[in-house]
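S.K.: Have a look at this one.
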Amino acid sequence: MSNPDINPMDGAAASFFGFAGVASALVFACLGASYGTARSGIGVSSMGVMRPDLVMRNIIPVVMAGVIGIYGLIIAVIIATNLTSPNDYTYYKGFAHLGAGLSVGLSGLAAGYAIGVVGDAGVRAVAQQPKLFVGMILIMIFAEALGLYGLIVALILGTKK
């Protein structure tokens with residue numbers, strides 16, 4: 001006789017949150033990375049018309065924006081490899097994985113937005129005054145750190161047992 005207190009769908013329902021964490025990590029982080037890449041790329045293209053000699057030097061914001069997407073990919077893979085069969089997967093793990101995905105994804109979205117805005121304005125300013133380059137890089141490092149904070153929290157949450 002089956003136990004009425006045990007719902008066979010609990011594992012499948014808990015797995016939903018784990019899979020939502022995987023999707024959240026990758027989708028939101030890549031949204032931030034794509035926005036940062038596009039916005040910074042527009043600035044680099046505009047700046048390159050006036051100062052083509054500075055294009056390779058000022059491509060750094062585009063690279064930094066792309067790294068945000070890698071943060072999301074790392075967490076998505078970690079969560080996906082920790083997804084077990086529905087019988088062994090608990091709500092605790094599901095919520096921890098959802099929290100991990102949302103933390104890296106949403107912080108990546110914010111970091112990508114910040115990198116895009118600073119990168120666009122920064123490379124245009126560097127074209128007019130090259131002494132601003134170091135300041136632009138420092139501001140973008142702080143913007144990138146926002147995504148790194150989300151990655152650290154996601155690593156802690158994603159590896160919870």
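Order determines the names: the first chain of the structure tokens is A, the second B, and so forth; residues in each chain are numbered 1 upward, and ligands are numbered 1 upward as they are shown.
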Select from range 43-104 of chain A every residue with an atom at most 10 Å from any atom of range 134-152 of chain A, then for each give the shortest pair of atoms and their distance in Å to one decimal, using only C-alpha atoms, rows by chain and rising number, as CSV.

M.R.:
residue,atom,partner,partner_atom,distance
A:Asn58,CA,A:Ile137,CA,9.6
A:Ile60,CA,A:Ile137,CA,8.2
A:Pro61,CA,A:Met140,CA,7.3
A:Met64,CA,A:Glu144,CA,7.1
A:Ala65,CA,A:Glu144,CA,7.9
A:Val67,CA,A:Glu144,CA,8.6
A:Ile68,CA,A:Gly147,CA,6.5
A:Gly69,CA,A:Gly147,CA,9.6
A:Tyr71,CA,A:Leu151,CA,6.2
A:Gly72,CA,A:Leu151,CA,7.8
A:Ile74,CA,A:Leu151,CA,8.7
A:Ile75,CA,A:Leu151,CA,7.5
A:Ala100,CA,A:Gly150,CA,8.2
A:Gly101,CA,A:Gly150,CA,9.1
A:Leu102,CA,A:Gly150,CA,8.6
A:Ser103,CA,A:Gly150,CA,5.1
A:Val104,CA,A:Gly150,CA,4.3

S.K.: So which residues of range 72-136 of chain A fall under alpha helix (DSSP H) by DSSP, listed as a PyMOL selection string?

M.R.: chain A and resi 72-82+91-128+133-136

S.K.: Could you check how far CA of Pro86 in chain A sits from CA of Ala14 in chain A, in Å to one decimal?

M.R.: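 Computed distance, CA of Pro86 in chain A to CA of Ala14 in chain A, equals 7.6 Å.
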
S.K.: Which residues, written as a list in words, have at least one atom at most 10 Å from Val62 in chain A, with only C-alpha atoms counted and residues fewer than 4 positions away on the same chain left out?

M.R.: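 Final neighbour list, sorted by chain and number: Ala33, Ser34, Tyr35, Gly36, Thr37, Ala38, Arg39, Ser40, Gly41, Ile42, Gly43, Val44, Asn58, Gly66, Val67, Gly112, Ile115, Gly116, Gly119 and Asp120 of chain A.
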
S.K.: Please, could you write that set of residues out with N, CA, C and O atoms as a compact mmCIF listing (two decimals), in the first residue's frame?

M.R.:
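Result file follows (part.txt):
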# COMPACT_ATOMS: atom_id res chain seq x y z
N ALA A 33 25.38 40.46 -20.86
CA ALA A 33 26.58 40.42 -21.71
C ALA A 33 26.29 40.96 -23.10
O ALA A 33 27.10 41.72 -23.66
N SER A 34 25.15 40.62 -23.64
CA SER A 34 24.83 41.09 -24.99
C SER A 34 24.56 42.59 -25.01
O SER A 34 24.99 43.29 -25.93
N TYR A 35 23.90 43.10 -23.98
CA TYR A 35 23.67 44.54 -23.92
C TYR A 35 25.00 45.28 -23.78
O TYR A 35 25.24 46.27 -24.47
N GLY A 36 25.85 44.80 -22.88
CA GLY A 36 27.15 45.43 -22.69
C GLY A 36 28.00 45.38 -23.95
O GLY A 36 28.68 46.36 -24.29
N THR A 37 27.98 44.25 -24.63
CA THR A 37 28.74 44.11 -25.87
C THR A 37 28.21 45.05 -26.94
O THR A 37 28.99 45.74 -27.62
N ALA A 38 26.90 45.08 -27.10
CA ALA A 38 26.31 45.92 -28.14
C ALA A 38 26.55 47.40 -27.87
O ALA A 38 26.98 48.15 -28.75
N ARG A 39 26.29 47.80 -26.65
CA ARG A 39 26.44 49.23 -26.32
C ARG A 39 27.90 49.66 -26.41
O ARG A 39 28.20 50.72 -26.96
N SER A 40 28.81 48.86 -25.87
CA SER A 40 30.23 49.18 -25.96
C SER A 40 30.71 49.15 -27.41
O SER A 40 31.53 49.97 -27.82
N GLY A 41 30.22 48.17 -28.16
CA GLY A 41 30.60 48.07 -29.57
C GLY A 41 30.18 49.27 -30.38
O GLY A 41 30.90 49.71 -31.28
N ILE A 42 29.02 49.82 -30.06
CA ILE A 42 28.57 51.05 -30.73
C ILE A 42 29.54 52.18 -30.44
O ILE A 42 29.92 52.95 -31.34
N GLY A 43 29.96 52.27 -29.18
CA GLY A 43 30.92 53.31 -28.81
C GLY A 43 32.25 53.13 -29.51
O GLY A 43 32.86 54.10 -29.98
N VAL A 44 32.73 51.89 -29.58
CA VAL A 44 34.01 51.61 -30.25
C VAL A 44 33.90 51.94 -31.74
O VAL A 44 34.82 52.54 -32.32
N ASN A 58 40.75 50.11 -27.17
CA ASN A 58 39.46 50.40 -26.54
C ASN A 58 38.43 49.29 -26.71
O ASN A 58 37.25 49.50 -26.47
N GLY A 66 31.63 40.36 -22.38
CA GLY A 66 31.52 38.95 -22.74
C GLY A 66 31.83 38.02 -21.59
O GLY A 66 31.27 36.91 -21.50
N VAL A 67 32.67 38.44 -20.68
CA VAL A 67 33.01 37.61 -19.52
C VAL A 67 31.78 37.39 -18.64
O VAL A 67 31.64 36.33 -18.01
N GLY A 112 26.41 43.89 -16.86
CA GLY A 112 26.46 44.11 -18.31
C GLY A 112 25.91 45.46 -18.71
O GLY A 112 26.45 46.14 -19.58
N ILE A 115 28.56 48.04 -17.65
CA ILE A 115 29.71 48.00 -18.56
C ILE A 115 29.36 48.62 -19.90
O ILE A 115 30.16 49.34 -20.50
N GLY A 116 28.16 48.36 -20.38
CA GLY A 116 27.75 48.94 -21.65
C GLY A 116 27.68 50.45 -21.62
O GLY A 116 28.17 51.13 -22.52
N GLY A 119 31.29 51.72 -20.97
CA GLY A 119 32.12 51.44 -22.13
C GLY A 119 31.82 52.36 -23.30
O GLY A 119 32.73 52.87 -23.96
N ASP A 120 30.54 52.58 -23.55
CA ASP A 120 30.14 53.46 -24.65
C ASP A 120 30.66 54.88 -24.43
O ASP A 120 31.36 55.44 -25.27

S.K.: So which residues touch Thr81 in chain A within 12 Å, counting only C-alpha atoms, skipping near sequence neighbours fewer than 5 positions away, as a list of chain:residue names?

M.R.: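 Close residues of Thr81 in chain A: A:Gly18, A:Phe19, A:Val22, A:Ile74, A:Ile75, A:Ala76, A:His97, A:Gly158, A:Thr159.
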
S.K.: Could you write out that same residue set with N, CA and C atoms as a short mmCIF file (atom, residue, chain, number, x, y, z; two decimals), in the first residue's frame?

M.R.:
data_model
loop_
_atom_site.label_atom_id
_atom_site.label_comp_id
_atom_site.auth_asym_id
_atom_site.auth_seq_id
_atom_site.Cartn_x
_atom_site.Cartn_y
_atom_site.Cartn_z
N GLY A 18 15.22 23.74 -9.98
CA GLY A 18 16.60 23.57 -10.41
C GLY A 18 16.79 23.93 -11.87
N PHE A 19 15.88 23.45 -12.71
CA PHE A 19 15.96 23.78 -14.13
C PHE A 19 15.72 25.27 -14.37
N VAL A 22 18.99 26.97 -13.80
CA VAL A 22 19.89 26.84 -14.95
C VAL A 22 19.53 27.87 -16.01
N ILE A 74 29.06 29.15 -16.46
CA ILE A 74 29.70 28.34 -15.42
C ILE A 74 28.67 27.85 -14.42
N ILE A 75 27.84 28.75 -13.93
CA ILE A 75 26.84 28.38 -12.93
C ILE A 75 25.78 27.46 -13.53
N ALA A 76 25.37 27.73 -14.76
CA ALA A 76 24.38 26.86 -15.41
C ALA A 76 24.90 25.43 -15.52
N HIS A 97 19.37 26.00 -6.01
CA HIS A 97 19.80 26.14 -7.40
C HIS A 97 19.09 27.31 -8.09
N GLY A 158 25.07 27.06 -5.33
CA GLY A 158 24.98 25.95 -6.29
C GLY A 158 25.65 24.69 -5.85
N THR A 159 26.53 24.77 -4.88
CA THR A 159 27.23 23.57 -4.40
C THR A 159 26.73 23.11 -3.04
#

S.K.: Could you tell me how far CA of Leu54 in chain A sits from CA of Gly108 in chain A, in Å to one decimal place?

M.R.: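 That distance, rounded to one decimal, is 27.4 Å.
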
S.K.: When you look at Ser15 in chain A with a cut-off of 10 Å (counting only C-alpha atoms), what residues show up, excluding the ones that are within fewer than 3 positions of it in the same chain? I need them as a PDB file with N, CA and C atoms, in the first residue's frame.

M.R.:
ATOM      1  N   MET A   9       5.067  13.318  -7.196  1.00  0.00           N
ATOM      2  CA  MET A   9       5.383  14.473  -8.030  1.00  0.00           C
ATOM      3  C   MET A   9       6.264  15.490  -7.315  1.00  0.00           C
ATOM      4  N   ASP A  10       6.537  15.306  -6.019  1.00  0.00           N
ATOM      5  CA  ASP A  10       7.350  16.269  -5.282  1.00  0.00           C
ATOM      6  C   ASP A  10       8.738  16.418  -5.903  1.00  0.00           C
ATOM      7  N   GLY A  11       9.363  15.322  -6.270  1.00  0.00           N
ATOM      8  CA  GLY A  11      10.690  15.393  -6.872  1.00  0.00           C
ATOM      9  C   GLY A  11      10.669  16.116  -8.207  1.00  0.00           C
ATOM     10  N   ALA A  12       9.635  15.855  -8.985  1.00  0.00           N
ATOM     11  CA  ALA A  12       9.529  16.524 -10.287  1.00  0.00           C
ATOM     12  C   ALA A  12       9.251  18.011 -10.101  1.00  0.00           C
ATOM     13  N   GLY A  18      15.220  23.735  -9.985  1.00  0.00           N
ATOM     14  CA  GLY A  18      16.602  23.567 -10.411  1.00  0.00           C
ATOM     15  C   GLY A  18      16.791  23.926 -11.868  1.00  0.00           C
ATOM     16  N   PHE A  19      15.881  23.455 -12.706  1.00  0.00           N
ATOM     17  CA  PHE A  19      15.963  23.781 -14.131  1.00  0.00           C
ATOM     18  C   PHE A  19      15.724  25.273 -14.371  1.00  0.00           C
ATOM     19  N   ALA A  20      14.851  25.878 -13.563  1.00  0.00           N
ATOM     20  CA  ALA A  20      14.632  27.325 -13.662  1.00  0.00           C
ATOM     21  C   ALA A  20      15.911  28.079 -13.277  1.00  0.00           C
ATOM     22  N   GLY A  21      16.667  27.546 -12.330  1.00  0.00           N
ATOM     23  CA  GLY A  21      17.943  28.154 -11.958  1.00  0.00           C
ATOM     24  C   GLY A  21      18.946  28.098 -13.098  1.00  0.00           C
ATOM     25  N   LEU A  83      21.860  18.351 -10.930  1.00  0.00           N
ATOM     26  CA  LEU A  83      20.476  17.892 -11.029  1.00  0.00           C
ATOM     27  C   LEU A  83      20.470  16.373 -11.060  1.00  0.00           C
ATOM     28  N   THR A  84      19.777  15.794 -10.119  1.00  0.00           N
ATOM     29  CA  THR A  84      19.727  14.338 -10.014  1.00  0.00           C
ATOM     30  C   THR A  84      18.338  13.857 -10.418  1.00  0.00           C
ATOM     31  N   SER A  85      18.101  12.595 -10.238  1.00  0.00           N
ATOM     32  CA  SER A  85      16.781  12.057 -10.565  1.00  0.00           C
ATOM     33  C   SER A  85      15.736  12.686  -9.642  1.00  0.00           C
ATOM     34  N   PRO A  86      14.508  12.810 -10.100  1.00  0.00           N
ATOM     35  CA  PRO A  86      13.470  13.455  -9.296  1.00  0.00           C
ATOM     36  C   PRO A  86      13.265  12.809  -7.916  1.00  0.00           C
ATOM     37  N   ASN A  87      13.582  11.540  -7.789  1.00  0.00           N
ATOM     38  CA  ASN A  87      13.395  10.872  -6.498  1.00  0.00           C
ATOM     39  C   ASN A  87      14.406  11.344  -5.461  1.00  0.00           C
ATOM     40  N   ASP A  88      15.570  11.789  -5.908  1.00  0.00           N
ATOM     41  CA  ASP A  88      16.628  12.227  -4.989  1.00  0.00           C
ATOM     42  C   ASP A  88      16.716  13.739  -4.856  1.00  0.00           C
ATOM     43  N   TYR A  89      15.974  14.468  -5.653  1.00  0.00           N
ATOM     44  CA  TYR A  89      16.086  15.923  -5.685  1.00  0.00           C
ATOM     45  C   TYR A  89      15.063  16.535  -4.738  1.00  0.00           C
ATOM     46  N   THR A  90      15.534  17.337  -3.807  1.00  0.00           N
ATOM     47  CA  THR A  90      14.658  17.918  -2.792  1.00  0.00           C
ATOM     48  C   THR A  90      14.329  19.375  -3.130  1.00  0.00           C
ATOM     49  N   TYR A  91      13.311  19.874  -2.449  1.00  0.00           N
ATOM     50  CA  TYR A  91      12.978  21.284  -2.616  1.00  0.00           C
ATOM     51  C   TYR A  91      14.126  22.175  -2.151  1.00  0.00           C
ATOM     52  N   LYS A  93      17.346  21.642  -2.438  1.00  0.00           N
ATOM     53  CA  LYS A  93      18.299  21.746  -3.556  1.00  0.00           C
ATOM     54  C   LYS A  93      17.717  22.593  -4.684  1.00  0.00           C
ATOM     55  N   GLY A  94      16.435  22.402  -4.979  1.00  0.00           N
ATOM     56  CA  GLY A  94      15.793  23.161  -6.048  1.00  0.00           C
ATOM     57  C   GLY A  94      15.802  24.658  -5.781  1.00  0.00           C
ATOM     58  N   PHE A  95      15.462  25.033  -4.547  1.00  0.00           N
ATOM     59  CA  PHE A  95      15.464  26.459  -4.209  1.00  0.00           C
ATOM     60  C   PHE A  95      16.879  27.019  -4.165  1.00  0.00           C
ATOM     61  N   HIS A  97      19.375  26.004  -6.008  1.00  0.00           N
ATOM     62  CA  HIS A  97      19.802  26.142  -7.400  1.00  0.00           C
ATOM     63  C   HIS A  97      19.092  27.307  -8.094  1.00  0.00           C
ATOM     64  N   LEU A  98      17.836  27.516  -7.758  1.00  0.00           N
ATOM     65  CA  LEU A  98      17.134  28.679  -8.307  1.00  0.00           C
ATOM     66  C   LEU A  98      17.778  29.967  -7.800  1.00  0.00           C
TER      67      LEU A  98
END

S.K.: Can you measure CA of Ala154 in chain A to CA of Ile78 in chain A for me? One decimal in Å is fine.

M.R.: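 Computing the Euclidean distance for CA of Ala154 in chain A and CA of Ile78 in chain A yields 9.7 Å.
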
S.K.: Please determine, counting only C-alpha atoms, which residue among A:Ala96, A:Val126, A:Leu106, A:Val77 has the shortest atom-to-atom distance to Val55 in chain A.

M.R.: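 Checking each candidate against Val55 in chain A, we get A:Val126 as the closest.
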